[in-house]
Amino acid sequence: MEFRIGDLVTRISYKHDVVFKIIGFEGNTVFLKGVDLRLIADCEIDDLVKAERGFDDDKEIIEANVRDIKIDRSQYFYLPGKILHIDADIYLSNKLVSSF
């Protein structure tokens, strides 16, 4: 399969948990930027498949996967969340503003 910069992809080895945009290539390594998460990653080109669903569908899949994870809450303690930094990425900033 041929990939280009800007294509939306997921990683097979991580069970398609995050949708990424391809931002670069170096040999057989592909550099990725998270679409919904502030995350930069790299992987082998053979580990990628093109994302076939829209953003809303991907969000539902990720939320379903998170619900399936069994967490023993007694091993953790609760800290209320705080916003430390608003991302300078224009796409994520617009998505954040539009969600309110």
# chains A, B, ... in the order shown; residues from 1 in each chain; ligands from 1
>>> residues_around(residues="Ile12 in chain A", least_positions_apart="6", cutoff="8 Å", atoms="only C-alpha atoms", output="mmCIF file with C-alpha atoms, in the first residue's frame")
data_model
loop_
_atom_site.group_PDB
_atom_site.id
_atom_site.type_symbol
_atom_site.label_atom_id
_atom_site.label_comp_id
_atom_site.auth_asym_id
_atom_site.auth_seq_id
_atom_site.Cartn_x
_atom_site.Cartn_y
_atom_site.Cartn_z
ATOM 1 C CA ASP A 47 2.646 -1.618 10.645
ATOM 2 C CA LEU A 48 0.273 0.965 9.099
ATOM 3 C CA VAL A 49 -3.163 0.808 7.529
#
>>> residues_around(residues="Val18 in chain A", least_positions_apart="3", cutoff="8 Å", atoms="only C-alpha atoms", output="ChimeraX atom specification")
/A:10-11,34-37,62
>>> atom_distance(atom1="CA of Ile5 in chain A", atom2="CA of Glu44 in chain A")
14.7 Å
>>> residues_around(residues="range 20-22 of chain A", least_positions_apart="3", cutoff="10 Å", atoms="only C-alpha atoms", output="number ranges by chain")
A: 3-11, 16-17, 25, 30-37, 39-42, 48, 50-51
>>> closest_residue(among="A:Gly24, A:Tyr14, A:Val19, A:Met1", to="Asp46 in chain A", atoms="only C-alpha atoms")
A:Met1
>>> select_by_dssp(residues="range 9-59 of chain A", states="strand (DSSP E)", output="PyMOL selection string")
chain A and resi 9-11+20-26+29-34+40-44+48-50
